[in-house]
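Coordinates from start.txt are shown below (compact mmCIF, C-alpha atoms and all ligand atoms).
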# COMPACT_ATOMS: atom_id res chain seq x y z
CA MET W 1 -17.35 -2.17 11.67
CA SER W 2 -14.70 -2.88 14.28
CA HIS W 3 -11.16 -4.20 14.10
CA THR W 4 -10.79 -4.59 17.85
CA GLY W 5 -8.18 -7.14 18.88
CA LYS W 6 -6.83 -7.53 15.34
CA VAL W 7 -3.19 -7.08 14.36
CA ALA W 8 -2.23 -5.22 11.17
CA ILE W 9 1.10 -4.74 9.41
CA ILE W 10 1.19 -1.60 7.26
CA THR W 11 4.17 -0.77 5.04
CA GLY W 12 4.86 2.84 4.13
CA ALA W 13 2.93 3.79 7.28
CA GLY W 14 5.08 6.86 7.93
CA SER W 15 3.30 8.93 5.27
CA GLY W 16 0.37 9.30 2.90
CA LEU W 17 -1.95 6.35 2.33
CA GLY W 18 -0.13 4.05 4.76
CA GLN W 19 -0.30 6.56 7.60
CA ALA W 20 -3.97 7.36 6.97
CA ALA W 21 -4.80 3.63 6.95
CA ALA W 22 -2.78 3.04 10.13
CA LEU W 23 -4.72 5.75 11.97
CA LYS W 24 -8.07 4.49 10.66
CA LEU W 25 -7.42 0.87 11.70
CA ALA W 26 -6.08 2.02 15.08
CA GLU W 27 -9.21 4.14 15.60
CA LYS W 28 -11.20 0.95 15.05
CA GLY W 29 -9.22 -0.91 17.70
CA ALA W 30 -6.44 -2.73 15.80
CA SER W 31 -2.82 -2.99 16.93
CA ILE W 32 -0.47 -1.74 14.23
CA VAL W 33 3.01 -2.74 13.09
CA VAL W 34 4.22 0.47 11.44
CA VAL W 35 6.81 -0.34 8.75
CA ASP W 36 8.75 2.35 6.92
CA LEU W 37 12.20 3.16 5.57
CA VAL W 38 12.21 6.45 7.45
CA GLU W 39 12.43 6.07 11.21
CA GLU W 40 11.35 9.60 12.13
CA THR W 41 8.03 9.57 10.27
CA GLY W 42 7.34 5.96 11.28
CA GLN W 43 7.81 6.84 14.94
CA GLU W 44 5.52 9.85 14.47
CA THR W 45 2.78 7.51 13.21
CA VAL W 46 3.32 5.30 16.28
CA LYS W 47 2.85 8.35 18.54
CA GLN W 48 -0.37 9.33 16.78
CA ILE W 49 -1.70 5.75 17.11
CA GLU W 50 -0.89 5.70 20.82
CA LYS W 51 -2.78 8.97 21.25
CA LEU W 52 -5.83 7.13 19.88
CA GLY W 53 -5.41 4.58 22.67
CA ALA W 54 -4.22 1.75 20.40
CA LYS W 55 -0.98 -0.25 20.42
CA ALA W 56 1.78 0.14 17.82
CA ILE W 57 5.40 -0.70 17.19
CA PHE W 58 7.75 0.68 14.55
CA VAL W 59 9.93 -1.62 12.47
CA GLN W 60 12.39 0.03 10.11
CA ALA W 61 12.63 -1.80 6.79
CA ASP W 62 13.62 -1.32 3.19
CA VAL W 63 10.77 -3.28 1.62
CA SER W 64 12.88 -4.02 -1.46
CA LYS W 65 15.13 -6.26 0.68
CA ALA W 66 13.81 -9.76 1.40
CA SER W 67 15.66 -9.97 4.73
CA ASP W 68 14.05 -6.71 5.94
CA VAL W 69 10.60 -8.00 4.97
CA GLU W 70 11.22 -11.31 6.74
CA ASN W 71 12.31 -9.29 9.78
CA TYR W 72 9.19 -7.08 10.00
CA VAL W 73 7.02 -10.19 9.83
CA LYS W 74 9.10 -11.82 12.58
CA LYS W 75 8.87 -8.68 14.77
CA ALA W 76 5.09 -8.51 14.30
CA VAL W 77 4.66 -12.11 15.45
CA GLU W 78 7.07 -11.67 18.38
CA GLU W 79 5.18 -8.61 19.60
CA PHE W 80 1.55 -9.51 18.89
CA GLY W 81 1.52 -13.28 18.26
CA ARG W 82 -0.24 -13.25 14.88
CA ILE W 83 -1.02 -11.17 11.78
CA ASP W 84 -4.70 -10.67 10.88
CA MET W 85 -4.38 -7.86 8.34
CA PHE W 86 -1.63 -6.76 5.98
CA PHE W 87 -1.60 -3.52 3.96
CA ASN W 88 1.25 -4.13 1.49
CA ASN W 89 1.51 -0.52 0.46
CA ALA W 90 4.95 1.17 0.39
CA GLY W 91 6.03 2.45 -3.00
CA ILE W 92 7.62 5.24 -5.01
CA ALA W 93 6.57 7.17 -8.12
CA GLY W 94 9.59 7.50 -10.44
CA PRO W 95 10.79 10.47 -12.46
CA GLY W 96 7.77 11.33 -14.68
CA VAL W 97 9.40 11.05 -18.14
CA LYS W 98 8.63 9.10 -21.33
CA LEU W 99 9.64 5.44 -21.52
CA ILE W 100 12.93 5.80 -23.43
CA GLU W 101 14.09 8.58 -21.11
CA HIS W 102 14.02 6.33 -18.04
CA THR W 103 17.45 4.96 -17.16
CA ILE W 104 17.96 1.25 -16.52
CA GLU W 105 18.84 2.14 -12.90
CA GLN W 106 15.54 4.01 -12.46
CA PHE W 107 13.64 1.05 -13.89
CA ASP W 108 15.39 -1.41 -11.57
CA LYS W 109 14.78 0.78 -8.51
CA ILE W 110 11.05 1.09 -9.18
CA ILE W 111 10.75 -2.66 -9.80
CA ASP W 112 12.58 -3.39 -6.54
CA ILE W 113 10.58 -1.02 -4.33
CA ASN W 114 7.12 -1.39 -5.91
CA LEU W 115 7.03 -5.01 -7.10
CA ARG W 116 9.66 -7.19 -5.42
CA SER W 117 8.50 -5.69 -2.11
CA VAL W 118 4.93 -6.84 -2.71
CA PHE W 119 6.05 -10.36 -3.62
CA TYR W 120 8.27 -10.55 -0.52
CA GLY W 121 5.47 -9.25 1.69
CA LEU W 122 3.01 -11.80 0.31
CA LYS W 123 5.56 -14.61 0.64
CA TYR W 124 6.38 -14.03 4.32
CA VAL W 125 2.97 -12.85 5.53
CA ILE W 126 1.02 -15.67 3.84
CA THR W 127 3.48 -18.19 5.33
CA GLU W 128 2.60 -16.81 8.78
CA MET W 129 -1.16 -16.55 8.14
CA LEU W 130 -1.24 -20.21 7.08
CA LYS W 131 -0.03 -21.12 10.59
CA THR W 132 -2.75 -19.10 12.36
CA GLY W 133 -5.84 -19.87 10.28
CA GLY W 134 -5.97 -17.04 7.74
CA GLY W 135 -6.20 -13.28 7.35
CA ALA W 136 -6.83 -10.43 4.95
CA ILE W 137 -4.28 -8.80 2.65
CA LEU W 138 -4.56 -5.64 0.59
CA ASN W 139 -1.91 -4.64 -1.95
CA THR W 140 -1.63 -1.08 -3.23
CA ALA W 141 -1.80 -1.08 -7.02
CA SER W 142 -2.90 2.08 -8.88
CA THR W 143 -5.01 3.19 -11.83
CA ALA W 144 -1.62 2.65 -13.53
CA GLY W 145 -2.14 -1.05 -12.71
CA ILE W 146 -5.34 -1.11 -14.81
CA VAL W 147 -4.61 1.21 -17.74
CA GLY W 148 -1.49 2.77 -19.29
CA VAL W 149 -0.51 6.16 -17.88
CA PRO W 150 1.87 8.51 -19.72
CA ALA W 151 5.25 9.39 -18.11
CA VAL W 152 5.29 6.49 -15.64
CA ALA W 153 6.01 3.35 -17.71
CA PRO W 154 8.10 1.45 -15.11
CA TYR W 155 5.63 2.44 -12.37
CA ALA W 156 2.74 1.16 -14.51
CA ALA W 157 4.64 -2.09 -15.10
CA THR W 158 5.05 -2.61 -11.35
CA LYS W 159 1.41 -1.84 -10.59
CA HIS W 160 0.19 -4.22 -13.33
CA GLY W 161 2.51 -6.74 -11.68
CA VAL W 162 0.90 -6.10 -8.29
CA VAL W 163 -2.48 -6.88 -9.84
CA GLY W 164 -1.10 -10.19 -11.17
CA LEU W 165 0.31 -11.15 -7.78
CA THR W 166 -2.97 -10.20 -6.09
CA ARG W 167 -5.19 -12.29 -8.34
CA THR W 168 -2.89 -15.31 -8.26
CA ALA W 169 -2.44 -15.26 -4.49
CA ALA W 170 -6.21 -14.94 -4.02
CA ILE W 171 -6.81 -18.04 -6.14
CA GLU W 172 -4.06 -20.05 -4.48
CA TYR W 173 -4.94 -19.28 -0.84
CA GLY W 174 -8.71 -18.72 -0.86
CA LYS W 175 -9.37 -22.15 0.67
CA ASP W 176 -6.90 -21.32 3.45
CA ASN W 177 -9.14 -18.46 4.60
CA ILE W 178 -6.73 -15.85 3.24
CA ARG W 179 -8.23 -13.05 1.15
CA VAL W 180 -5.98 -11.03 -1.15
CA ASN W 181 -7.28 -7.87 -2.83
CA ALA W 182 -5.79 -4.71 -4.30
CA ILE W 183 -6.79 -1.07 -4.41
CA ALA W 184 -6.18 1.03 -7.49
CA PRO W 185 -6.13 4.66 -6.32
CA GLY W 186 -6.18 7.54 -8.78
CA THR W 187 -4.32 10.71 -7.87
CA ILE W 188 -4.48 11.16 -4.12
CA GLU W 189 -3.13 14.17 -2.25
CA THR W 190 -0.17 12.61 -0.43
CA PRO W 191 3.43 13.87 -0.03
CA MET W 192 4.43 11.58 -2.97
CA VAL W 193 1.93 13.22 -5.31
CA ILE W 194 2.60 16.76 -4.09
CA GLN W 195 6.32 16.25 -4.80
CA PHE W 196 5.59 14.65 -8.20
CA GLY W 197 3.42 17.68 -9.06
CA LYS W 198 6.26 20.08 -8.15
CA ASP W 199 8.79 18.11 -10.22
CA ASN W 200 6.49 17.60 -13.24
CA PRO W 201 4.01 20.52 -13.34
CA GLU W 202 2.80 19.92 -16.92
CA VAL W 203 2.23 16.18 -16.56
CA PHE W 204 0.52 16.86 -13.24
CA LYS W 205 -1.84 19.52 -14.62
CA ALA W 206 -2.93 17.19 -17.43
CA THR W 207 -3.52 14.44 -14.86
CA VAL W 208 -5.64 16.63 -12.59
CA ASP W 209 -7.62 18.06 -15.55
CA SER W 210 -8.55 14.51 -16.60
CA ILE W 211 -10.25 13.55 -13.32
CA PRO W 212 -14.04 13.38 -13.90
CA SER W 213 -14.78 14.07 -10.23
CA GLY W 214 -12.85 17.32 -10.64
CA ARG W 215 -10.45 17.00 -7.71
CA LEU W 216 -7.69 14.91 -6.17
CA GLY W 217 -8.62 12.16 -3.73
CA LYS W 218 -7.88 12.41 -0.02
CA PRO W 219 -5.83 9.85 1.97
CA GLU W 220 -8.74 9.45 4.43
CA GLU W 221 -11.01 8.39 1.56
CA ILE W 222 -8.57 5.60 0.72
CA ALA W 223 -8.26 4.65 4.40
CA ASN W 224 -12.03 4.04 4.62
CA LEU W 225 -11.83 1.56 1.73
CA VAL W 226 -8.74 -0.10 3.23
CA ALA W 227 -10.54 -0.61 6.56
CA PHE W 228 -13.57 -2.08 4.81
CA LEU W 229 -11.63 -4.46 2.55
CA LEU W 230 -9.42 -5.69 5.40
CA GLY W 231 -12.36 -6.07 7.77
CA ASP W 232 -14.91 -8.72 8.64
CA GLU W 233 -17.65 -7.10 6.56
CA ALA W 234 -15.93 -8.09 3.31
CA PRO W 235 -15.57 -11.89 3.72
CA TYR W 236 -16.48 -12.77 0.11
CA ILE W 237 -14.39 -10.06 -1.55
CA ASN W 238 -11.31 -11.91 -2.79
CA GLY W 239 -9.05 -11.40 -5.80
CA ALA W 240 -10.64 -8.02 -6.54
CA VAL W 241 -8.95 -4.85 -7.76
CA TYR W 242 -10.85 -1.78 -6.53
CA PRO W 243 -10.48 1.49 -8.43
CA ILE W 244 -10.87 4.52 -6.16
CA ASP W 245 -10.12 7.26 -8.66
CA GLY W 246 -12.95 9.76 -9.17
CA ALA W 247 -14.01 7.86 -12.34
CA VAL W 248 -10.63 8.12 -14.12
CA THR W 249 -10.68 4.48 -15.27
CA ALA W 250 -14.41 4.68 -16.11
CA GLN W 251 -13.56 6.91 -19.10
P1 LIG Z 301 4.12 8.64 0.30
O1 LIG Z 301 5.42 8.99 -0.32
O2 LIG Z 301 3.32 9.69 0.97
O3 LIG Z 301 4.31 7.42 1.31
C1 LIG Z 301 5.09 6.32 0.96
C2 LIG Z 301 5.82 5.80 2.18
O4 LIG Z 301 6.57 4.64 1.79
C3 LIG Z 301 6.81 6.80 2.77
O5 LIG Z 301 6.64 6.89 4.17
C4 LIG Z 301 8.17 6.22 2.42
O6 LIG Z 301 9.19 6.50 3.38
C5 LIG Z 301 7.86 4.73 2.36
N1 LIG Z 301 8.83 4.03 1.53
C6 LIG Z 301 9.34 4.40 0.33
N2 LIG Z 301 10.26 3.51 -0.08
C7 LIG Z 301 10.34 2.56 0.88
C8 LIG Z 301 11.14 1.40 1.05
N3 LIG Z 301 12.04 1.03 0.13
N4 LIG Z 301 10.96 0.66 2.16
C9 LIG Z 301 10.06 1.03 3.11
N5 LIG Z 301 9.28 2.13 3.01
C10 LIG Z 301 9.44 2.89 1.91
O7 LIG Z 301 3.27 7.98 -0.91
P2 LIG Z 301 1.74 7.51 -1.01
O8 LIG Z 301 1.11 8.36 -2.02
O9 LIG Z 301 1.14 7.33 0.32
O10 LIG Z 301 1.97 6.08 -1.70
C11 LIG Z 301 1.71 4.86 -1.04
C12 LIG Z 301 1.42 3.80 -2.07
O11 LIG Z 301 0.27 4.19 -2.81
C13 LIG Z 301 2.53 3.58 -3.10
O12 LIG Z 301 2.62 2.21 -3.41
C14 LIG Z 301 2.01 4.34 -4.31
O13 LIG Z 301 2.52 3.85 -5.51
C15 LIG Z 301 0.54 4.08 -4.18
N6 LIG Z 301 -0.34 4.98 -4.90
C16 LIG Z 301 -0.38 6.30 -4.57
C17 LIG Z 301 -1.22 7.13 -5.28
C18 LIG Z 301 -1.34 8.58 -4.96
O14 LIG Z 301 -1.91 9.29 -5.77
N7 LIG Z 301 -0.85 9.06 -3.84
C19 LIG Z 301 -2.01 6.61 -6.31
C20 LIG Z 301 -1.94 5.26 -6.60
C21 LIG Z 301 -1.10 4.45 -5.89
Hey, can you dump this file as structure tokens for me?
Amino acid sequence: MSHTGKVAIITGAGSGLGQAAALKLAEKGASIVVVDLVEETGQETVKQIEKLGAKAIFVQADVSKASDVENYVKKAVEEFGRIDMFFNNAGIAGPGVKLIEHTIEQFDKIIDINLRSVFYGLKYVITEMLKTGGGAILNTASTAGIVGVPAVAPYAATKHGVVGLTRTAAIEYGKDNIRVNAIAPGTIETPMVIQFGKDNPEVFKATVDSIPSGRLGKPEEIANLVAFLLGDEAPYINGAVYPIDGAVTAQ
């Protein structure tokens, strides 16, 4: 499986799942457009990619702003000429409280960063892919996009929304040689989850205890699936939502 000569945009590539996927695709020969809100960590990912002998640029963006999303797509095309792969991944967790305890502001923020961002990314990247003959897109949903999960109601709403966008886009653009899939990770050991665990120890313990595989997932395990689903060995996988959760949603 090789991604040599391909160009990938990855949002949230300064940390966690996005960074692991960026390094995996770079290792396989892709050029990477590293998108993140935080310049320092984004630049660090660029350095690590360059050490692997691959090309990368950093584009700072707040993915909840349409103009920033339009800009990272524009920068990707200016630098590399086309977009073959898109990992539409950046997101946040939310406070870890029951539904009525979420404020309206918290709800709006999670919707903006986790759902509007994915719509904007699809809108601008698909527009570009239509000009160049197609591509592969992977959105990051969650097990909370498949089943209800206590303490994260707005997050679950956004991830169910990501699944809806994924399936609809796949149906609409399949004949244009654009594949759109989603991954639904369980609890993966990234900075987001480590922080959530510190802030909400009881909720976190219950979550970890309920994983049939008996442990958290690792970012590298997600990166392997990302590379496969975005690659040439998955040409007939379209409109799918892949759980990667240690059997959490099998229960
Ligand atoms: P993370 O916090 O380690 O990384 C997220 C990255 O996104 C960070 O670099 C952050 O700076 C960036 N980001 C946050 N808000 C942004 C914004 N407005 N604009 C641009 N970049 C922004 O988290 P992670 O665990 O790697 O999460 C990545 C994605 O995976 C998220 O969509 C998350 O919901 C999803 N997810 C994570 C898990 C898990 O267990 N880690 C499980 C299911 C789904």
Could you pull the residues within 10 Å of Met192 in chain W, counting all atoms listed in the file, minus those fewer than 6 positions along the same chain, as number ranges by chain?
W: 15-17, 91-94
I'd like the contact shell of Val34 in chain W - 10 Å cut-off, all atoms listed in the file, skipping same-chain residues fewer than 5 positions apart - returned as a list of chain:residue names.
W:Ala8, W:Ile9, W:Ile10, W:Thr11, W:Gly12, W:Ala13, W:Gly14, W:Gly18, W:Gln19, W:Ala22, W:Glu39, W:Thr41, W:Gly42, W:Gln43, W:Glu44, W:Thr45, W:Val46, W:Ile49, W:Ala56, W:Ile57, W:Phe58, W:Val59, W:Gln60, W:Ala61, W:Tyr72, W:Ala76
Which residues, written as a PyMOL selection string, have at least one atom at most 8 Å from range 143-148 of chain W, with only C-alpha atoms counted and residues fewer than 4 positions away on the same chain left out?
chain W and resi 153+155-163+184-186+243+245+248-249
Between CA of Leu225 in chain W and atom C9 of ligand LIG 301 (chain Z) - distance in Å to one decimal
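Going from atom C9 of ligand LIG 301 (chain Z) over to CA of Leu225 in chain W, I get 21.9 Å.
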Contact residues around Asp112 in chain W with all atoms listed in the file at 9 Å, ignoring same-chain residues under 2 positions, as a list in words:
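Within the cut-off, the hits are Val63, Ser64, Lys65, Phe107, Asp108, Lys109, Ile110, Asn114, Leu115, Arg116, Ser117 and Thr158 of chain W.
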I need the residue nearest ligand LIG 301 (chain Z) from this list: W:Asn238, W:Thr103, W:Asn88, W:Ser210. Use only C-alpha atoms and all ligand atoms for the distance.
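Using only C-alpha atoms and all ligand atoms, the shortest distance to ligand LIG 301 (chain Z) belongs to W:Asn88.
Between CA of Val97 in chain W and CA of Ala151 in chain W the interatomic distance comes to 4.5 Å.
Remark: for Lys24 in chain W, the closest of the candidate residues W:Tyr242, W:Tyr120, W:Phe228, W:Phe196 is W:Phe228 (distances computed over only C-alpha atoms).
Nearest to ligand LIG 301 (chain Z) of all the residues W:Asn200, W:Asn89, W:Thr207, W:Ser31 is W:Asn89, based on only C-alpha atoms and all ligand atoms.
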From the options W:Lys55, W:Arg215, W:His102, W:Lys47, which residue's atoms come nearest to Pro154 in chain W, counting only C-alpha atoms?
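So, comparing all the options, the nearest one is W:His102.
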So that I can see what lies close to Leu229 in chain W, please list as a PyMOL selection string the residues with an atom at most 10 Å from it, counting only C-alpha atoms and leaving out residues fewer than 6 positions away in the same chain.
chain W and resi 85+136-138+179-183+223+235-238+240+242
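With distances taken over only C-alpha atoms and all ligand atoms, W:Leu216 is the one residue among W:Ala206, W:Leu230, W:Val7, W:Leu216 lying closest to ligand LIG 301 (chain Z).
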Counting all atoms listed in the file, the residue of W:Leu130, W:Val69, W:Val38, W:Val203 that sits nearest ligand LIG 301 (chain Z):
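Using all atoms listed in the file, ligand LIG 301 (chain Z) sits closest to W:Val38.
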For the atom pair CA of Arg82 in chain W and CA of Val118 in chain W, what is the interatomic distance in Å to one decimal place?
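One can read the CA of Arg82 in chain W to CA of Val118 in chain W distance as 19.4 Å.
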Give the centre and edge lengths of an axis-aligned box, in Å to one decimal, that holds all listed atoms of range 16-29 of chain W with 3 Å on each side, as AutoDock Vina command-line options.
--center_x -5.4 --center_y 4.2 --center_z 10.0 --size_x 17.6 --size_y 16.2 --size_z 21.4
Missing atoms of range 125-138 of chain W rebuilt to N, CA and C atoms, written as a JSON list (two decimals), in the frame of the given file:
[["chain", "number", "residue", "atom", "x", "y", "z"],
["W", 125, "VAL", "N", 4.21, -13.01, 4.74],
["W", 125, "VAL", "CA", 2.97, -12.85, 5.53],
["W", 125, "VAL", "C", 2.04, -14.05, 5.31],
["W", 126, "ILE", "N", 1.90, -14.51, 4.08],
["W", 126, "ILE", "CA", 1.02, -15.67, 3.84],
["W", 126, "ILE", "C", 1.56, -16.89, 4.59],
["W", 127, "THR", "N", 2.88, -17.06, 4.59],
["W", 127, "THR", "CA", 3.48, -18.19, 5.33],
["W", 127, "THR", "C", 3.03, -18.15, 6.79],
["W", 128, "GLU", "N", 3.00, -16.96, 7.37],
["W", 128, "GLU", "CA", 2.60, -16.81, 8.78],
["W", 128, "GLU", "C", 1.09, -17.01, 8.94],
["W", 129, "MET", "N", 0.30, -16.43, 8.04],
["W", 129, "MET", "CA", -1.16, -16.55, 8.14],
["W", 129, "MET", "C", -1.62, -18.01, 8.01],
["W", 130, "LEU", "N", -0.88, -18.79, 7.23],
["W", 130, "LEU", "CA", -1.24, -20.21, 7.08],
["W", 130, "LEU", "C", -1.13, -20.95, 8.41],
["W", 131, "LYS", "N", -0.22, -20.46, 9.28],
["W", 131, "LYS", "CA", -0.03, -21.12, 10.59],
["W", 131, "LYS", "C", -1.14, -20.77, 11.57],
["W", 132, "THR", "N", -1.80, -19.60, 11.34],
["W", 132, "THR", "CA", -2.75, -19.10, 12.36],
["W", 132, "THR", "C", -4.20, -19.10, 11.86],
["W", 133, "GLY", "N", -4.45, -19.71, 10.71],
["W", 133, "GLY", "CA", -5.84, -19.87, 10.28],
["W", 133, "GLY", "C", -6.39, -18.83, 9.33],
["W", 134, "GLY", "N", -5.52, -17.95, 8.80],
["W", 134, "GLY", "CA", -5.97, -17.04, 7.74],
["W", 134, "GLY", "C", -5.79, -15.58, 8.06],
["W", 135, "GLY", "N", -6.33, -14.73, 7.18],
["W", 135, "GLY", "CA", -6.20, -13.28, 7.35],
["W", 135, "GLY", "C", -6.60, -12.56, 6.07],
["W", 136, "ALA", "N", -6.46, -11.25, 6.11],
["W", 136, "ALA", "CA", -6.83, -10.43, 4.95],
["W", 136, "ALA", "C", -5.64, -9.57, 4.52],
["W", 137, "ILE", "N", -5.42, -9.55, 3.20],
["W", 137, "ILE", "CA", -4.28, -8.80, 2.65],
["W", 137, "ILE", "C", -4.79, -7.83, 1.60],
["W", 138, "LEU", "N", -4.21, -6.64, 1.61],
["W", 138, "LEU", "CA", -4.56, -5.64, 0.59],
["W", 138, "LEU", "C", -3.27, -5.07, 0.02]]
